[in-house]
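Student: I'd like to ask some things about the structure below.
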Amino acid sequence: MKAFFSAYLKSIEPGLKQLVEILSEAYDYVSILSTDSKGLRVMISRHARSVGSETMTTERGTVVHVARNGLYSEYAFNDFDPTHPEDAAAMLKKELDAQLDLLASLNTPVYKTGVLDDEPCELFVEKETGELPEETDVKALVERLSAISDKAMGLSEYMIDCMAVAQSTHVNKLFLTKNRHMAQSYVYSEGFIQVLVHKDGQTRAGREGISGLAGPEIFEQLSDKTEAAVQQALLLLDAGRIEPGEYDIICTPEVSGLIAHEAFGHGVEMDMFVKGRALGQQYIGQRVGSDLVTMHEGALCADNVTSYAFDDEGVLAGDVIEIDHGILKTGICDALSAKRLGTVPTGNGKRQNYAHKVYTRMTNTMFDSGTCTAEEMIASVKDGWLLEGMQSGMEDPKHWGIQCIIDHAYEIKDGKKTGRVVAPVIMTGYVPDLLGNVTMVSKDREVFGTGGCGKGHKEWVKVADGGPYLKTKGWLG
């Protein structure tokens with residue numbers, strides 16, 4: 001079925017079009033983004049149950065963005081009356097003019113920017129989905145997640161809890177300017193199982209998740225992840241500690257995705273270039289990895305939780321090749337930063353919600369596939385580790401260092417896994433060194449979208465990342 005477009009947005013669309021016409025008489029550029037995104041979230045554990053309608057991206061509201069004399073201002077609201085757009089226009093002019101007057105009084109050159117492009121575009125997208133979150137049988141979903149939790153609790157005497165979470169969002173966005181009329185509707189879903197085990201004074205966790213550009217029907221797959229989550233947690237009960245040092249490492253697709261996100265996430269978000277806060281700016285056109293390293297970024301390079309048709313500035317989604325056989329070709333960019341840098345936007349202008357500012361943000365960040373198999377890669381390692389699972393990561397865009405916290409690692413000796421497991425593992429390094437040492441890349445690749453990403457400590461948006469197995473060298477501790 002089609003993810004039908006919001007009836008609410010259709011009802012206010014005529015008034016919003018009139019609002020654009022009225023405001024365009026006073027400003028050099030006017031855009032309106034109006035959103036209406038509904039969600040469903042169900043959480044079941046041994047000790048608690050909750051059912052709600054809010055997810056990271058549920059929202060309803062409108063933001064008006066204008067420019068005059070090289071300065072930009074915006075105002076967000078959620079009480080628009082489409083029968084009287086002139087009233088809204090009068091209120092908006094007062095608020096927007098006050099902001100523009102303040103910016104002009106500061107006389108700061110960095111704010112001076114050309115007028116955003118407004119090439120004509122008519123687009124209406126309703127993506128396919130199996131179900132809609134607002135029409136899901138919630139009782140049946142609660143029963144399904146309860147069965148998963150009960151199943152997990154019976155798999156080991158060391159189990160102390162199992163949390164099963166399912167959330168789905170029906171995203172609806174309308175973007176209008178004088179020359180653009182763009183609408184999109186799609187559904188993405190994500191879920192995970194997290195278990196806790198306890199033995200001899202130690203408590204460990206295991207986690208397995210699913211995500212996709214799909215409706216709540218995807219949650220039927222969660223049950224298949226239960227045993228893997230429990231086995232992961234039990235494995236960690238007996239895990240030791242790694243001896244710090246530099247090793248040959250093989251990264252599973254989830255760890256490859258973490259490296260992609262941390263190494264070429266904020267470091268090549270080009271609004272950081274405007275501020276001179278990213279070392280990646282100095283490496284455009286230069287080698288940052290071996291010939292085996294190619295990386296894609298964009299809403300079109302995978303079908304997952306952040307695969308939209310256009311971004312929050314009305315720029316069509318793309319598939320940007322950031323690294324081509326080891327050479328850093330470009331970063332990603334929102335429209336306003338692109339105008340300031342004299343380049344083109346890449347469809348990566350995203351807001352946390354309608355009431356938050358646009359920033360350059362990641363969508364799907366993926367290493368490209370190679371020609372090897374995981375088995376061939378393991379066989380090639382004399383003394384090293386297979387890294388699996390991710391907990392978190394961070395980067396320093398100004399100096400291009402990264403730190404990735406890996407859930408666990410399997411020891412490899414003379415081309416075989418020894419059975420020894422260590423956890424957790426912290427991998428650190430300088431990005432060009434880490435990627436420059438890539439010597440093998442597997443044929444297969446996966447994408448993971450159960451997490452989010454902040455710009456610093458705030459501005460959270462959905463992202464997805466992944467890739468194939470990678471063999472490289474890295475510092476572990």
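For the structure tokens, the naming scheme is as follows: chains receive sequential letters (A, B, ...) according to their order of presentation, residues are indexed from 1 within each chain, and ligands are indexed from 1 in presentation order.
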Taking the chain letters and numbering used in this document, name the residues of segment 45-191 of chain A that DSSP puts in strand (DSSP E or B), as a PyMOL selection string.
Tutor: chain A and resi 49-52+59-68+71-77+121-126+128+159-176+180-191
Student: Do you know which residues are at most 6 Å from segment 176-178 of chain A counting only C-alpha atoms, after dropping those on the same chain fewer than 4 positions away, and could you put them as a PyMOL selection string?
Tutor: chain A and resi 30-32
Student: Would you pick out the contacts of Leu155 of chain A at 12 Å or less, using only C-alpha atoms, so that residues sharing its chain but fewer than 3 positions from it are not included, and give the list as a list in words?
Tutor: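 The neighbour list is Ile148, Ser149, Asp150, Lys151, Ala152, Tyr158, Met159, Ile160, Asp161, Cys162, Val195, Leu196, Val197, Thr226, Glu227, Ala228, Ala229, Val230, Gln231, Ala233 and Leu234 of chain A.
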Student: Residues at most 10 Å from Gly389 of chain A, counting only C-alpha atoms, excluding those fewer than 5 positions away in the same chain, as a ChimeraX atom specification?
Tutor: /A:206-208,232,251-256,258,405-409,424
Student: Write the residues of the selection above to a file with N, CA and C atoms, as a PDB file, in the first residue's frame.
Tutor:
ATOM      1  N   GLY A 206      23.030  -7.928  26.041  1.00  0.00           N
ATOM      2  CA  GLY A 206      23.089  -8.317  24.637  1.00  0.00           C
ATOM      3  C   GLY A 206      21.987  -7.595  23.886  1.00  0.00           C
ATOM      4  N   ARG A 207      22.258  -7.220  22.661  1.00  0.00           N
ATOM      5  CA  ARG A 207      21.283  -6.421  21.909  1.00  0.00           C
ATOM      6  C   ARG A 207      21.293  -6.827  20.444  1.00  0.00           C
ATOM      7  N   GLU A 208      20.116  -6.958  19.857  1.00  0.00           N
ATOM      8  CA  GLU A 208      19.943  -7.199  18.426  1.00  0.00           C
ATOM      9  C   GLU A 208      18.819  -6.303  17.930  1.00  0.00           C
ATOM     10  N   GLN A 232      24.634 -13.502  22.878  1.00  0.00           N
ATOM     11  CA  GLN A 232      25.645 -12.443  22.960  1.00  0.00           C
ATOM     12  C   GLN A 232      25.901 -12.058  24.408  1.00  0.00           C
ATOM     13  N   CYS A 251      36.620  -5.864  10.830  1.00  0.00           N
ATOM     14  CA  CYS A 251      35.414  -5.203  11.324  1.00  0.00           C
ATOM     15  C   CYS A 251      34.186  -5.838  10.685  1.00  0.00           C
ATOM     16  N   THR A 252      33.226  -6.244  11.492  1.00  0.00           N
ATOM     17  CA  THR A 252      31.960  -6.703  10.947  1.00  0.00           C
ATOM     18  C   THR A 252      31.226  -5.507  10.344  1.00  0.00           C
ATOM     19  N   PRO A 253      30.179  -5.726   9.532  1.00  0.00           N
ATOM     20  CA  PRO A 253      29.473  -4.598   8.909  1.00  0.00           C
ATOM     21  C   PRO A 253      28.974  -3.546   9.886  1.00  0.00           C
ATOM     22  N   GLU A 254      28.540  -3.955  11.086  1.00  0.00           N
ATOM     23  CA  GLU A 254      28.067  -2.974  12.060  1.00  0.00           C
ATOM     24  C   GLU A 254      29.202  -2.082  12.532  1.00  0.00           C
ATOM     25  N   VAL A 255      30.383  -2.662  12.744  1.00  0.00           N
ATOM     26  CA  VAL A 255      31.540  -1.870  13.165  1.00  0.00           C
ATOM     27  C   VAL A 255      32.031  -1.001  12.009  1.00  0.00           C
ATOM     28  N   SER A 256      31.985  -1.544  10.787  1.00  0.00           N
ATOM     29  CA  SER A 256      32.340  -0.731   9.619  1.00  0.00           C
ATOM     30  C   SER A 256      31.449   0.498   9.537  1.00  0.00           C
ATOM     31  N   LEU A 258      29.970   1.986  12.032  1.00  0.00           N
ATOM     32  CA  LEU A 258      30.361   2.909  13.098  1.00  0.00           C
ATOM     33  C   LEU A 258      31.575   3.732  12.678  1.00  0.00           C
ATOM     34  N   ILE A 405      33.732   2.499  20.594  1.00  0.00           N
ATOM     35  CA  ILE A 405      33.592   1.500  21.643  1.00  0.00           C
ATOM     36  C   ILE A 405      32.869   0.299  21.059  1.00  0.00           C
ATOM     37  N   ILE A 406      33.600  -0.804  20.947  1.00  0.00           N
ATOM     38  CA  ILE A 406      33.102  -2.026  20.325  1.00  0.00           C
ATOM     39  C   ILE A 406      32.583  -2.963  21.416  1.00  0.00           C
ATOM     40  N   ASP A 407      31.482  -3.646  21.119  1.00  0.00           N
ATOM     41  CA  ASP A 407      30.859  -4.502  22.123  1.00  0.00           C
ATOM     42  C   ASP A 407      31.768  -5.649  22.555  1.00  0.00           C
ATOM     43  N   HIS A 408      32.372  -6.349  21.588  1.00  0.00           N
ATOM     44  CA  HIS A 408      33.273  -7.454  21.918  1.00  0.00           C
ATOM     45  C   HIS A 408      34.134  -7.808  20.711  1.00  0.00           C
ATOM     46  N   ALA A 409      35.138  -8.642  20.940  1.00  0.00           N
ATOM     47  CA  ALA A 409      36.046  -9.054  19.861  1.00  0.00           C
ATOM     48  C   ALA A 409      36.464 -10.501  20.054  1.00  0.00           C
ATOM     49  N   PRO A 424      34.602  -4.842  26.997  1.00  0.00           N
ATOM     50  CA  PRO A 424      34.435  -4.171  25.711  1.00  0.00           C
ATOM     51  C   PRO A 424      35.800  -3.839  25.118  1.00  0.00           C
TER      52      PRO A 424
END
Student: May I ask for the distance between atom CA of Gly467 of chain A and atom CA of Leu292 of chain A, given in Å to one decimal place?
Tutor: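 Spanning atom CA of Gly467 of chain A to atom CA of Leu292 of chain A is a straight-line distance of 12.6 Å.
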Student: Would you mind listing what lies within 10 Å of Val461 of chain A as a list in words, with only C-alpha atoms counted and same-chain residues fewer than 5 positions away left out?
Tutor: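 Using only C-alpha atoms, the neighbours found are Met56, Thr57, Thr306, Lys350, Arg351, Gln352, Asn353, Arg361, Met362, Thr363, Gly451, Gly452, Cys453, Gly454 and Lys455 of chain A.
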Student: Just write the chosen residues, N, CA and C atoms, as a PDB file, in the first residue's frame.
Tutor:
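The file below, selection-v6.pdb, is the result:
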ATOM      1  N   MET A  56      11.336   9.687  17.796  1.00  0.00           N
ATOM      2  CA  MET A  56      12.291  10.775  17.616  1.00  0.00           C
ATOM      3  C   MET A  56      11.806  11.796  16.589  1.00  0.00           C
ATOM      4  N   THR A  57      10.989  11.377  15.623  1.00  0.00           N
ATOM      5  CA  THR A  57      10.648  12.272  14.512  1.00  0.00           C
ATOM      6  C   THR A  57       9.162  12.576  14.404  1.00  0.00           C
ATOM      7  N   THR A 306      16.326   6.773   7.053  1.00  0.00           N
ATOM      8  CA  THR A 306      16.517   8.176   6.656  1.00  0.00           C
ATOM      9  C   THR A 306      16.607   8.317   5.146  1.00  0.00           C
ATOM     10  N   LYS A 350      18.960  18.951   7.285  1.00  0.00           N
ATOM     11  CA  LYS A 350      17.968  18.287   8.134  1.00  0.00           C
ATOM     12  C   LYS A 350      17.732  19.068   9.430  1.00  0.00           C
ATOM     13  N   ARG A 351      16.494  19.032   9.891  1.00  0.00           N
ATOM     14  CA  ARG A 351      16.108  19.633  11.159  1.00  0.00           C
ATOM     15  C   ARG A 351      15.785  18.533  12.162  1.00  0.00           C
ATOM     16  N   GLN A 352      16.056  18.778  13.436  1.00  0.00           N
ATOM     17  CA  GLN A 352      15.580  17.845  14.453  1.00  0.00           C
ATOM     18  C   GLN A 352      14.058  17.777  14.393  1.00  0.00           C
ATOM     19  N   ASN A 353      13.421  18.913  14.262  1.00  0.00           N
ATOM     20  CA  ASN A 353      11.999  19.018  13.955  1.00  0.00           C
ATOM     21  C   ASN A 353      11.753  20.413  13.396  1.00  0.00           C
ATOM     22  N   ARG A 361      23.513  17.305   7.879  1.00  0.00           N
ATOM     23  CA  ARG A 361      23.459  16.089   8.678  1.00  0.00           C
ATOM     24  C   ARG A 361      23.582  14.858   7.787  1.00  0.00           C
ATOM     25  N   MET A 362      24.070  13.796   8.377  1.00  0.00           N
ATOM     26  CA  MET A 362      24.202  12.523   7.672  1.00  0.00           C
ATOM     27  C   MET A 362      22.841  11.874   7.420  1.00  0.00           C
ATOM     28  N   THR A 363      22.792  11.005   6.425  1.00  0.00           N
ATOM     29  CA  THR A 363      21.616  10.173   6.160  1.00  0.00           C
ATOM     30  C   THR A 363      22.074   8.714   6.246  1.00  0.00           C
ATOM     31  N   GLY A 451      19.675   3.726  15.468  1.00  0.00           N
ATOM     32  CA  GLY A 451      20.190   4.782  16.337  1.00  0.00           C
ATOM     33  C   GLY A 451      19.921   6.171  15.809  1.00  0.00           C
ATOM     34  N   GLY A 452      20.455   7.153  16.508  1.00  0.00           N
ATOM     35  CA  GLY A 452      20.352   8.537  16.090  1.00  0.00           C
ATOM     36  C   GLY A 452      21.680   9.233  16.289  1.00  0.00           C
ATOM     37  N   CYS A 453      21.768  10.487  15.859  1.00  0.00           N
ATOM     38  CA  CYS A 453      23.023  11.223  15.960  1.00  0.00           C
ATOM     39  C   CYS A 453      22.734  12.671  16.326  1.00  0.00           C
ATOM     40  N   GLY A 454      23.523  13.190  17.255  1.00  0.00           N
ATOM     41  CA  GLY A 454      23.403  14.588  17.627  1.00  0.00           C
ATOM     42  C   GLY A 454      24.508  15.423  17.013  1.00  0.00           C
ATOM     43  N   LYS A 455      24.256  16.685  16.890  1.00  0.00           N
ATOM     44  CA  LYS A 455      25.275  17.642  16.451  1.00  0.00           C
ATOM     45  C   LYS A 455      25.881  18.199  17.735  1.00  0.00           C
TER      46      LYS A 455
END
Student: Which is closer to Gly70 of chain A than all the others in A:Asp28, A:Glu13, A:Glu262, A:Glu21, using only C-alpha atoms?
Tutor: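 Comparing A:Asp28, A:Glu13, A:Glu262, A:Glu21 against Gly70 of chain A, the winner is A:Asp28.
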Student: Restricting the calculation to only C-alpha atoms: of A:Ala338, A:Met427, A:Cys404, A:Ala76, which residue gets closest to Gln391 of chain A?
Tutor: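 Closest candidate: A:Cys404.
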Student: From the options A:Gly318, A:Gly212, A:Gly342, A:Gly267, which residue's atoms come nearest to Asn304 of chain A, counting only C-alpha atoms?
Tutor: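 Distance minimum relative to Asn304 of chain A lands on A:Gly212.
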Student: DSSP on the backbone, then: every residue of segment 57-126 of chain A marked helix (DSSP H, G or I), written as a count of residues only.
Tutor: 25
Student: For Gly449 of chain A, which residue among A:His181, A:His261, A:Lys398, A:Arg241 is the nearest when counting only C-alpha atoms?
Tutor: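 Using only C-alpha atoms, Gly449 of chain A sits closest to A:His261.
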Student: Residues at most 8 Å from segment 441-443 of chain A, counting only C-alpha atoms, excluding those fewer than 6 positions away in the same chain, as number ranges by chain?
Tutor: A: 292, 369-374, 468-471
